[in-house]
$ cat protein-v9.cif   # mmCIF, C-alpha atoms
data_final
loop_
_atom_site.label_atom_id
_atom_site.label_comp_id
_atom_site.auth_asym_id
_atom_site.auth_seq_id
_atom_site.Cartn_x
_atom_site.Cartn_y
_atom_site.Cartn_z
CA MET A 96 -143.13 68.30 -114.68
CA LYS A 97 -140.26 67.98 -117.17
CA ILE A 98 -138.25 70.61 -115.27
CA GLU A 99 -138.85 68.90 -111.93
CA ASN A 100 -137.88 65.51 -113.37
CA GLY A 101 -134.78 67.08 -114.92
CA TRP A 102 -133.58 68.44 -111.57
CA LEU A 103 -134.36 65.15 -109.85
CA ASN A 104 -132.28 63.29 -112.44
CA ILE A 105 -129.37 65.71 -112.02
CA ILE A 106 -129.41 65.33 -108.22
CA GLN A 107 -129.75 61.54 -108.45
CA ASN A 108 -126.89 61.26 -110.95
CA TRP A 109 -124.69 63.42 -108.71
CA ILE A 110 -125.39 61.32 -105.60
CA TYR A 111 -125.43 57.98 -107.44
CA PRO A 112 -123.36 58.35 -110.63
CA PRO A 113 -124.61 56.04 -113.40
CA THR A 114 -122.57 52.87 -113.80
CA CYS A 115 -122.73 50.56 -116.80
CA LEU A 116 -124.75 47.45 -115.95
CA LEU A 117 -122.81 45.44 -118.51
CA CYS A 118 -119.16 46.29 -117.95
CA GLY A 119 -118.99 48.46 -114.82
CA ASP A 120 -117.55 51.57 -116.52
CA ASP A 121 -119.08 55.01 -116.03
CA GLY A 122 -122.50 55.41 -117.56
CA GLN A 123 -123.20 58.10 -120.13
CA ARG A 124 -126.16 60.44 -120.79
CA GLY A 125 -127.62 59.52 -117.41
CA LEU A 126 -127.97 55.87 -118.43
CA ASP A 127 -126.54 52.90 -116.56
CA LEU A 128 -124.73 52.04 -119.78
CA CYS A 129 -121.44 53.22 -121.20
CA GLY A 130 -121.24 54.42 -124.79
CA ALA A 131 -119.42 51.31 -126.02
CA CYS A 132 -121.98 48.90 -124.55
CA GLU A 133 -124.91 50.97 -125.79
CA ARG A 134 -123.53 50.80 -129.34
CA GLN A 135 -123.50 47.00 -129.11
CA LEU A 136 -127.22 46.72 -128.36
CA PRO A 137 -129.10 44.68 -131.03
CA ARG A 138 -131.45 47.33 -132.38
CA THR A 139 -134.43 46.30 -134.46
CA GLY A 140 -133.94 46.38 -138.22
CA THR A 141 -136.48 45.69 -140.95
CA ALA A 142 -139.62 44.17 -139.43
CA CYS A 143 -143.24 43.43 -140.30
CA LEU A 144 -145.42 46.44 -139.55
CA ARG A 145 -148.17 44.24 -138.07
CA CYS A 146 -146.47 41.51 -136.02
CA GLY A 147 -143.01 43.04 -135.57
CA GLU A 148 -141.19 39.90 -136.71
CA ALA A 149 -137.81 40.50 -138.37
CA LEU A 150 -137.81 40.54 -142.18
CA PRO A 151 -135.03 40.50 -144.79
CA GLU A 152 -133.99 43.92 -146.01
CA GLY A 153 -136.40 45.08 -148.71
CA ALA A 154 -139.06 42.43 -147.95
CA PRO A 155 -142.69 43.58 -148.31
CA SER A 156 -144.63 44.41 -145.18
CA PRO A 157 -147.02 43.29 -143.72
CA CYS A 158 -145.57 39.80 -143.96
CA GLY A 159 -147.41 36.96 -145.70
CA ARG A 160 -148.60 35.43 -142.45
CA CYS A 161 -150.18 38.71 -141.31
CA LEU A 162 -151.86 39.13 -144.69
CA ARG A 163 -153.38 35.65 -144.38
CA HIS A 164 -154.16 35.82 -140.66
CA PRO A 165 -154.06 39.42 -139.33
CA PRO A 166 -153.26 39.57 -135.61
CA PRO A 167 -155.87 41.02 -133.22
CA PHE A 168 -153.70 44.09 -132.59
CA ASP A 169 -152.92 46.83 -135.09
CA ILE A 170 -149.14 47.28 -134.80
CA CYS A 171 -146.28 45.57 -132.97
CA ARG A 172 -143.08 47.47 -132.26
CA ALA A 173 -139.95 46.38 -130.39
CA ALA A 174 -136.91 48.49 -129.65
CA PHE A 175 -134.44 45.58 -129.85
CA ARG A 176 -133.96 42.01 -130.98
CA TYR A 177 -134.01 39.50 -128.15
CA GLU A 178 -130.29 38.86 -128.22
CA GLU A 179 -127.32 39.61 -125.99
CA PRO A 180 -126.74 41.95 -124.25
CA ILE A 181 -130.44 42.97 -124.13
CA ARG A 182 -131.29 39.44 -123.00
CA HIS A 183 -128.80 39.86 -120.13
CA LEU A 184 -130.51 43.08 -118.97
CA ILE A 185 -134.01 41.57 -119.17
CA HIS A 186 -132.92 38.44 -117.29
CA GLY A 187 -131.08 40.60 -114.76
CA LEU A 188 -134.39 42.22 -113.86
CA LYS A 189 -136.69 39.23 -114.26
CA PHE A 190 -134.61 36.58 -112.51
CA GLY A 191 -131.88 38.56 -110.73
CA HIS A 192 -134.13 41.27 -109.22
CA ARG A 193 -131.74 43.96 -110.51
CA HIS A 194 -134.22 46.83 -110.63
CA ALA A 195 -131.65 49.21 -112.11
CA CYS A 196 -132.21 47.21 -115.31
CA ALA A 197 -135.87 48.32 -115.34
CA ARG A 198 -134.89 51.98 -115.40
CA THR A 199 -132.33 51.45 -118.17
CA LEU A 200 -134.66 49.32 -120.30
CA GLY A 201 -137.51 51.80 -119.82
CA GLU A 202 -135.34 54.72 -120.89
CA LEU A 203 -133.95 52.87 -123.91
CA ALA A 204 -137.43 51.78 -125.00
CA GLY A 205 -138.78 55.28 -124.44
CA ALA A 206 -136.11 56.81 -126.68
CA HIS A 207 -137.02 54.31 -129.41
CA PHE A 208 -140.79 54.75 -129.26
CA MET A 209 -140.48 58.53 -129.11
CA LEU A 210 -138.99 58.37 -132.60
CA HIS A 211 -140.74 55.35 -134.11
CA ALA A 212 -144.27 55.19 -132.74
CA GLU A 213 -147.43 57.24 -132.45
CA MET A 214 -148.11 58.03 -128.81
CA PRO A 215 -151.11 56.17 -127.32
CA GLU A 216 -153.48 57.52 -124.69
CA LEU A 217 -152.58 54.76 -122.23
CA ILE A 218 -149.81 52.23 -121.67
CA VAL A 219 -151.10 48.89 -120.33
CA PRO A 220 -148.43 46.46 -119.09
CA VAL A 221 -149.09 42.74 -119.41
CA PRO A 222 -150.42 41.64 -115.99
CA LEU A 223 -149.14 38.72 -113.93
CA HIS A 224 -151.40 36.28 -112.12
CA PRO A 225 -151.38 37.05 -108.36
CA SER A 226 -149.70 33.72 -107.58
CA ARG A 227 -146.85 34.49 -110.02
CA TYR A 228 -146.60 38.00 -108.60
CA ARG A 229 -146.23 36.63 -105.06
CA GLU A 230 -143.61 34.17 -106.25
CA ARG A 231 -141.52 36.79 -108.06
CA GLY A 232 -142.36 39.81 -105.92
CA PHE A 233 -142.90 42.15 -108.87
CA ASN A 234 -144.11 42.34 -112.47
CA GLN A 235 -141.11 43.01 -114.72
CA SER A 236 -143.24 44.50 -117.51
CA LEU A 237 -144.88 46.91 -115.07
CA GLU A 238 -141.53 47.95 -113.57
CA ILE A 239 -140.12 48.80 -117.01
CA ALA A 240 -143.39 50.47 -118.03
CA ARG A 241 -143.24 52.83 -115.02
CA HIS A 242 -140.07 54.40 -116.43
CA LEU A 243 -141.39 54.29 -120.00
CA SER A 244 -144.59 56.06 -118.94
CA ARG A 245 -142.72 58.78 -117.08
CA ASN A 246 -140.24 59.39 -119.90
CA LEU A 247 -142.95 59.61 -122.57
CA GLN A 248 -145.49 61.34 -120.30
CA VAL A 249 -148.14 58.81 -121.29
CA PRO A 250 -150.41 57.58 -118.45
CA LEU A 251 -149.87 54.06 -117.15
CA GLU A 252 -152.89 51.83 -116.44
CA PHE A 253 -152.12 48.60 -114.58
CA ARG A 254 -155.38 47.97 -112.72
CA ALA A 255 -157.91 47.77 -115.54
CA LEU A 256 -156.89 44.25 -116.63
CA THR A 257 -156.16 41.20 -114.51
CA ARG A 258 -154.91 37.73 -115.24
CA ASN A 259 -157.75 35.62 -113.89
CA ARG A 260 -156.17 32.16 -114.07
CA THR A 261 -152.73 30.64 -113.85
CA THR A 262 -151.06 29.50 -117.05
CA ARG A 263 -148.00 27.45 -117.84
CA PRO A 264 -144.87 29.53 -118.58
CA GLN A 265 -145.11 30.50 -122.25
CA ALA A 266 -141.38 29.90 -122.82
CA GLU A 267 -141.98 26.15 -122.41
CA LEU A 268 -144.60 25.94 -125.16
CA SER A 269 -144.90 25.87 -128.94
CA ALA A 270 -146.71 28.66 -130.78
CA GLU A 271 -150.00 26.75 -130.93
CA GLU A 272 -149.69 25.67 -127.30
CA ARG A 273 -149.08 29.31 -126.30
CA ARG A 274 -152.31 30.42 -127.97
CA LYS A 275 -154.32 27.70 -126.23
CA ASN A 276 -152.55 28.28 -122.92
CA ILE A 277 -153.36 31.99 -122.76
CA ARG A 278 -156.90 31.85 -124.16
CA GLY A 279 -159.39 33.52 -121.81
CA ALA A 280 -156.67 34.34 -119.26
CA PHE A 281 -157.43 38.07 -118.95
CA ARG A 282 -160.40 40.02 -117.65
CA MET A 283 -161.36 43.68 -117.74
CA GLU A 284 -161.86 45.02 -114.22
CA ARG A 285 -162.82 48.54 -115.26
CA ALA A 286 -163.30 50.51 -118.46
CA VAL A 287 -160.34 52.42 -119.86
CA ASN A 288 -162.47 54.90 -121.88
CA VAL A 289 -159.80 55.73 -124.46
CA ARG A 290 -159.48 55.07 -128.18
CA HIS A 291 -155.76 54.17 -128.44
CA VAL A 292 -153.86 51.83 -126.08
CA ALA A 293 -150.34 50.38 -126.18
CA ILE A 294 -149.92 46.98 -124.54
CA PHE A 295 -146.41 46.75 -123.10
CA ASP A 296 -144.35 43.59 -122.49
CA ASP A 297 -140.69 42.96 -121.86
CA VAL A 298 -140.41 40.37 -124.67
CA VAL A 299 -142.76 39.41 -127.51
CA THR A 300 -142.17 35.96 -128.99
CA THR A 301 -145.20 34.62 -130.88
CA GLY A 302 -147.53 37.46 -129.89
CA ALA A 303 -150.00 35.04 -128.26
CA THR A 304 -150.13 36.87 -124.92
CA ALA A 305 -150.41 40.30 -126.54
CA GLY A 306 -153.03 38.94 -128.92
CA GLU A 307 -155.23 37.66 -126.09
CA LEU A 308 -154.91 40.98 -124.27
CA ALA A 309 -155.79 42.78 -127.49
CA ARG A 310 -158.97 40.70 -127.89
CA THR A 311 -159.98 41.57 -124.34
CA LEU A 312 -159.38 45.29 -124.92
CA ARG A 313 -161.13 45.19 -128.31
CA ALA A 314 -164.21 43.60 -126.74
CA ALA A 315 -164.19 46.46 -124.21
CA GLY A 316 -164.38 49.02 -127.04
CA VAL A 317 -160.75 50.09 -127.59
CA GLU A 318 -160.38 51.04 -131.27
CA ARG A 319 -156.61 50.99 -131.79
CA ILE A 320 -154.29 48.58 -130.01
CA ASP A 321 -150.52 48.70 -130.44
CA VAL A 322 -148.08 46.27 -128.90
CA TRP A 323 -144.80 47.65 -127.59
CA ALA A 324 -141.94 45.56 -126.26
CA VAL A 325 -138.36 46.01 -125.21
CA ALA A 326 -137.40 43.07 -127.43
CA ARG A 327 -138.85 40.83 -130.15
CA ALA A 328 -137.71 37.21 -130.24
#
$ encode --input "protein-v9.cif" --output "C-alpha coordinates"
Amino acid sequence: MKIENGWLNIIQNWIYPPTCLLCGDDGQRGLDLCGACERQLPRTGTACLRCGEALPEGAPSPCGRCLRHPPPFDICRAAFRYEEPIRHLIHGLKFGHRHACARTLGELAGAHFMLHAEMPELIVPVPLHPSRYRERGFNQSLEIARHLSRNLQVPLEFRALTRNRTTRPQAELSAEERRKNIRGAFRMERAVNVRHVAIFDDVVTTGATAGELARTLRAAGVERIDVWAVARA
(Lines of atoms letter the chains of each structure in order from A and count residues from 1; the text may use other names and numbers.)
(Lines give C-alpha, C1' and ligand atoms only; values in the text may rest on other atoms or scores of the structure.)
Protein backbone atom coordinates (compact mmCIF):
# COMPACT_ATOMS: atom_id res chain seq x y z
CA MET A 1 0.00 0.00 0.00
CA LYS A 2 2.80 2.43 0.86
CA ILE A 3 4.54 1.69 -2.45
CA GLU A 4 1.34 2.19 -4.44
CA ASN A 5 0.59 5.46 -2.63
CA GLY A 6 4.18 6.58 -3.24
CA TRP A 7 3.89 6.06 -7.00
CA LEU A 8 0.49 7.74 -7.06
CA ASN A 9 1.94 10.78 -5.28
CA ILE A 10 4.87 10.95 -7.70
CA ILE A 11 2.56 10.81 -10.73
CA GLN A 12 0.16 13.35 -9.22
CA ASN A 13 2.99 15.76 -8.35
CA TRP A 14 4.37 15.45 -11.90
CA ILE A 15 0.99 16.18 -13.52
CA TYR A 16 -0.09 18.77 -10.93
CA PRO A 17 3.06 20.24 -9.33
CA PRO A 18 2.43 21.35 -5.73
CA THR A 19 1.87 25.08 -5.36
CA CYS A 20 1.98 26.97 -2.07
CA LEU A 21 -1.54 27.76 -0.89
CA LEU A 22 -0.27 30.80 0.98
CA CYS A 23 2.04 32.61 -1.42
CA GLY A 24 1.77 30.82 -4.78
CA ASP A 25 5.43 29.72 -4.98
CA ASP A 26 6.40 26.13 -5.75
CA GLY A 27 5.50 23.67 -3.04
CA GLN A 28 8.14 21.51 -1.41
CA ARG A 29 8.24 17.87 -0.23
CA GLY A 30 5.00 17.19 -2.10
CA LEU A 31 3.11 19.71 0.05
CA ASP A 32 1.10 22.65 -1.25
CA LEU A 33 3.36 24.84 0.88
CA CYS A 34 6.75 26.36 0.19
CA GLY A 35 9.54 25.99 2.72
CA ALA A 36 9.34 29.61 3.88
CA CYS A 37 5.60 29.47 4.57
CA GLU A 38 5.86 26.11 6.30
CA ARG A 39 8.47 27.53 8.68
CA GLN A 40 6.03 30.29 9.65
CA LEU A 41 3.31 27.89 10.82
CA PRO A 42 2.43 28.37 14.53
CA ARG A 43 3.44 24.99 15.91
CA THR A 44 2.22 23.92 19.32
CA GLY A 45 4.59 24.58 22.21
CA THR A 46 4.19 23.64 25.86
CA ALA A 47 0.62 22.45 26.50
CA CYS A 48 -1.43 20.62 29.10
CA LEU A 49 -1.25 16.88 28.55
CA ARG A 50 -4.98 16.46 29.25
CA CYS A 51 -6.80 19.38 27.60
CA GLY A 52 -4.11 20.58 25.18
CA GLU A 53 -4.37 24.21 26.27
CA ALA A 54 -1.16 26.24 25.93
CA LEU A 55 0.92 26.60 29.09
CA PRO A 56 3.91 28.79 30.01
CA GLU A 57 7.27 27.13 29.50
CA GLY A 58 8.06 24.93 32.49
CA ALA A 59 4.50 24.97 33.89
CA PRO A 60 3.31 21.71 35.50
CA SER A 61 1.01 19.47 33.51
CA PRO A 62 -1.84 18.51 33.73
CA CYS A 63 -3.02 22.05 34.35
CA GLY A 64 -4.88 23.04 37.52
CA ARG A 65 -8.26 23.02 35.82
CA CYS A 66 -7.77 19.44 34.57
CA LEU A 67 -6.65 18.33 38.03
CA ARG A 68 -9.83 19.81 39.55
CA HIS A 69 -12.18 18.77 36.74
CA PRO A 70 -10.64 16.08 34.48
CA PRO A 71 -12.11 16.14 30.96
CA PRO A 72 -14.01 13.07 29.72
CA PHE A 73 -11.22 12.25 27.25
CA ASP A 74 -7.73 11.04 28.13
CA ILE A 75 -5.45 13.25 26.02
CA CYS A 76 -5.85 16.25 23.72
CA ARG A 77 -3.23 16.96 21.08
CA ALA A 78 -3.11 19.70 18.43
CA ALA A 79 -0.47 20.15 15.77
CA PHE A 80 -0.72 23.96 15.71
CA ARG A 81 -2.03 27.00 17.53
CA TYR A 82 -5.13 28.50 15.97
CA GLU A 83 -3.34 31.50 14.53
CA GLU A 84 -2.39 32.75 11.08
CA PRO A 85 -1.57 31.26 8.64
CA ILE A 86 -3.13 27.99 9.92
CA ARG A 87 -6.40 29.86 10.45
CA HIS A 88 -6.26 30.96 6.79
CA LEU A 89 -5.90 27.34 5.61
CA ILE A 90 -8.73 26.08 7.84
CA HIS A 91 -11.04 28.89 6.74
CA GLY A 92 -10.03 28.32 3.13
CA LEU A 93 -11.42 24.79 3.38
CA LYS A 94 -14.36 25.45 5.69
CA PHE A 95 -15.74 28.61 4.10
CA GLY A 96 -13.92 28.84 0.76
CA HIS A 97 -14.37 25.20 -0.31
CA ARG A 98 -10.64 25.00 -1.16
CA HIS A 99 -10.25 21.24 -0.81
CA ALA A 100 -6.51 21.40 -1.48
CA CYS A 101 -6.32 22.80 2.06
CA ALA A 102 -7.73 19.51 3.41
CA ARG A 103 -4.89 17.53 1.88
CA THR A 104 -2.25 19.94 3.18
CA LEU A 105 -3.73 20.12 6.69
CA GLY A 106 -4.11 16.33 6.82
CA GLU A 107 -0.49 15.79 5.82
CA LEU A 108 0.80 18.39 8.28
CA ALA A 109 -1.27 16.93 11.11
CA GLY A 110 -0.20 13.41 10.17
CA ALA A 111 3.48 14.34 10.36
CA HIS A 112 2.91 15.83 13.82
CA PHE A 113 0.93 12.92 15.28
CA MET A 114 3.34 10.38 13.84
CA LEU A 115 5.99 11.86 16.13
CA HIS A 116 3.96 13.02 19.11
CA ALA A 117 1.09 10.60 19.63
CA GLU A 118 0.37 6.93 20.21
CA MET A 119 -1.51 5.53 17.24
CA PRO A 120 -5.18 4.69 17.93
CA GLU A 121 -7.13 1.82 16.41
CA LEU A 122 -9.65 4.19 14.80
CA ILE A 123 -9.91 7.85 13.85
CA VAL A 124 -13.42 9.26 14.35
CA PRO A 125 -14.06 12.72 12.85
CA VAL A 126 -16.55 15.01 14.57
CA PRO A 127 -19.84 14.55 12.66
CA LEU A 128 -22.00 17.34 11.26
CA HIS A 129 -25.78 17.38 11.54
CA PRO A 130 -27.34 16.45 8.15
CA SER A 131 -28.84 19.93 7.76
CA ARG A 132 -25.41 21.55 8.26
CA TYR A 133 -23.88 19.03 5.88
CA ARG A 134 -26.42 19.92 3.18
CA GLU A 135 -25.78 23.60 3.74
CA ARG A 136 -21.99 23.31 3.48
CA GLY A 137 -21.78 20.32 1.15
CA PHE A 138 -19.05 18.56 3.13
CA ASN A 139 -17.69 17.96 6.63
CA GLN A 140 -14.33 19.75 6.93
CA SER A 141 -13.13 17.51 9.77
CA LEU A 142 -13.91 14.39 7.74
CA GLU A 143 -12.16 15.75 4.63
CA ILE A 144 -8.97 16.45 6.59
CA ALA A 145 -9.27 13.12 8.42
CA ARG A 146 -9.37 11.20 5.11
CA HIS A 147 -5.82 12.35 4.35
CA LEU A 148 -4.71 11.91 7.98
CA SER A 149 -6.04 8.33 8.01
CA ARG A 150 -4.31 7.44 4.75
CA ASN A 151 -0.98 8.96 5.78
CA LEU A 152 -0.95 7.25 9.19
CA GLN A 153 -2.58 4.03 7.91
CA VAL A 154 -5.12 4.17 10.74
CA PRO A 155 -8.71 3.23 9.78
CA LEU A 156 -11.27 6.02 9.54
CA GLU A 157 -14.75 5.52 11.01
CA PHE A 158 -17.30 8.19 10.11
CA ARG A 159 -20.57 6.24 10.24
CA ALA A 160 -20.62 4.96 13.82
CA LEU A 161 -21.60 8.33 15.34
CA THR A 162 -24.19 10.82 14.18
CA ARG A 163 -25.22 14.27 15.29
CA ASN A 164 -28.87 13.74 16.12
CA ARG A 165 -30.00 17.34 16.62
CA THR A 166 -29.07 20.76 15.33
CA THR A 167 -27.07 23.05 17.58
CA ARG A 168 -26.15 26.70 17.49
CA PRO A 169 -22.67 27.38 16.03
CA GLN A 170 -20.22 26.89 18.91
CA ALA A 171 -18.14 29.92 17.86
CA GLU A 172 -21.01 32.20 18.95
CA LEU A 173 -21.15 30.85 22.51
CA SER A 174 -19.32 31.09 25.82
CA ALA A 175 -17.65 28.02 27.31
CA GLU A 176 -20.63 27.20 29.54
CA GLU A 177 -23.08 27.81 26.70
CA ARG A 178 -21.04 25.48 24.46
CA ARG A 179 -21.31 22.65 26.98
CA LYS A 180 -25.08 23.09 27.29
CA ASN A 181 -25.50 23.53 23.54
CA ILE A 182 -23.77 20.26 22.63
CA ARG A 183 -25.13 18.10 25.46
CA GLY A 184 -26.81 14.96 24.12
CA ALA A 185 -26.13 15.95 20.50
CA PHE A 186 -24.44 12.69 19.44
CA ARG A 187 -25.66 9.12 19.10
CA MET A 188 -23.92 5.81 18.48
CA GLU A 189 -25.29 4.14 15.36
CA ARG A 190 -23.12 1.04 15.58
CA ALA A 191 -20.45 -0.39 17.86
CA VAL A 192 -16.82 0.38 17.09
CA ASN A 193 -15.43 -2.67 18.98
CA VAL A 194 -11.99 -1.19 19.65
CA ARG A 195 -10.19 -0.11 22.81
CA HIS A 196 -8.47 3.10 21.62
CA VAL A 197 -10.09 5.84 19.50
CA ALA A 198 -8.90 9.30 18.42
CA ILE A 199 -11.64 11.89 17.92
CA PHE A 200 -10.54 14.30 15.18
CA ASP A 201 -11.63 17.92 14.71
CA ASP A 202 -10.25 20.81 12.71
CA VAL A 203 -10.16 23.17 15.72
CA VAL A 204 -10.55 22.56 19.46
CA THR A 205 -11.53 25.62 21.49
CA THR A 206 -13.07 24.72 24.87
CA GLY A 207 -13.20 20.98 24.23
CA ALA A 208 -16.99 20.89 24.74
CA THR A 209 -17.76 19.13 21.45
CA ALA A 210 -14.93 16.62 21.88
CA GLY A 211 -15.99 16.07 25.47
CA GLU A 212 -19.57 15.21 24.52
CA LEU A 213 -18.33 12.83 21.82
CA ALA A 214 -15.99 11.25 24.36
CA ARG A 215 -18.88 10.65 26.78
CA THR A 216 -20.84 8.96 24.01
CA LEU A 217 -17.91 6.73 23.07
CA ARG A 218 -17.13 5.96 26.73
CA ALA A 219 -20.73 4.87 27.31
CA ALA A 220 -20.33 2.54 24.32
CA GLY A 221 -17.34 0.84 25.97
CA VAL A 222 -14.29 2.58 24.44
CA GLU A 223 -11.51 2.52 27.05
CA ARG A 224 -9.10 5.17 25.78
CA ILE A 225 -10.20 8.32 23.98
CA ASP A 226 -7.73 10.83 22.58
CA VAL A 227 -8.66 14.10 20.93
CA TRP A 228 -6.63 15.19 17.91
CA ALA A 229 -6.99 18.52 16.14
CA VAL A 230 -5.23 20.51 13.50
CA ALA A 231 -5.28 23.54 15.81
CA ARG A 232 -6.01 24.45 19.44
CA ALA A 233 -7.53 27.86 20.11
$ resolve_selection --input "protein-v9.cif" --expression "the PyMOL selection byres ((chain A and resi 256) around 8)" --output "PyMOL selection string"
chain A and resi 222+253-255+257-258+281-285
$ residues_near_point --input "protein-v9.cif" --point "(-156.3, 47.3, -132.0)" --cutoff "12 Å" --atoms "all atoms listed in the file" --output "number ranges by chain"
A: 145, 165-171, 215, 289-294, 305-322
$ closest_residue --input "protein-v9.cif" --among "A:Leu251, A:Val298, A:Ile218, A:Ala326" --to "A:Gly140" --atoms "all atoms listed in the file"
A:Ala326
$ closest_residue --input "protein-v9.cif" --among "A:Lys189, A:His183, A:Arg124, A:Arg198" --to "A:Asn246" --atoms "all atoms listed in the file"
A:Arg198
$ atom_distance --input "protein-v9.cif" --atom1 "atom CA of A:Gln135" --atom2 "atom CA of A:His207"
15.4 Å
$ resolve_selection --input "protein-v9.cif" --expression "the PyMOL selection byres ((chain A and resi 274) around 9)" --output "MDAnalysis selection string"
chainID A and resid 269:273 275:278 301:304 306:307
$ write_last_selection --input "protein-v9.cif" --atoms "C-alpha atoms" --output "PDB file, keeping the file's coordinate frame"
ATOM      1  CA  SER A 269    -144.900  25.870-128.940  1.00  0.00           C
ATOM      2  CA  ALA A 270    -146.710  28.660-130.780  1.00  0.00           C
ATOM      3  CA  GLU A 271    -150.000  26.750-130.930  1.00  0.00           C
ATOM      4  CA  GLU A 272    -149.690  25.670-127.300  1.00  0.00           C
ATOM      5  CA  ARG A 273    -149.080  29.310-126.300  1.00  0.00           C
ATOM      6  CA  LYS A 275    -154.320  27.700-126.230  1.00  0.00           C
ATOM      7  CA  ASN A 276    -152.550  28.280-122.920  1.00  0.00           C
ATOM      8  CA  ILE A 277    -153.360  31.990-122.760  1.00  0.00           C
ATOM      9  CA  ARG A 278    -156.900  31.850-124.160  1.00  0.00           C
ATOM     10  CA  THR A 301    -145.200  34.620-130.880  1.00  0.00           C
ATOM     11  CA  GLY A 302    -147.530  37.460-129.890  1.00  0.00           C
ATOM     12  CA  ALA A 303    -150.000  35.040-128.260  1.00  0.00           C
ATOM     13  CA  THR A 304    -150.130  36.870-124.920  1.00  0.00           C
ATOM     14  CA  GLY A 306    -153.030  38.940-128.920  1.00  0.00           C
ATOM     15  CA  GLU A 307    -155.230  37.660-126.090  1.00  0.00           C
TER      16      GLU A 307
END
$ atom_distance --input "protein-v9.cif" --atom1 "atom CA of A:Ala212" --atom2 "atom CA of A:Leu162"
21.4 Å
$ closest_residue --input "protein-v9.cif" --among "A:Val219, A:Leu247, A:Leu117, A:Leu210" --to "A:Gly130" --atoms "all atoms listed in the file"
A:Leu117
$ atom_distance --input "protein-v9.cif" --atom1 "atom CA of A:Arg160" --atom2 "atom CA of A:Ala174"
21.7 Å
$ closest_residue --input "protein-v9.cif" --among "A:His211, A:His224, A:Arg231, A:His164" --to "A:His192" --atoms "only C-alpha atoms"
A:Arg231
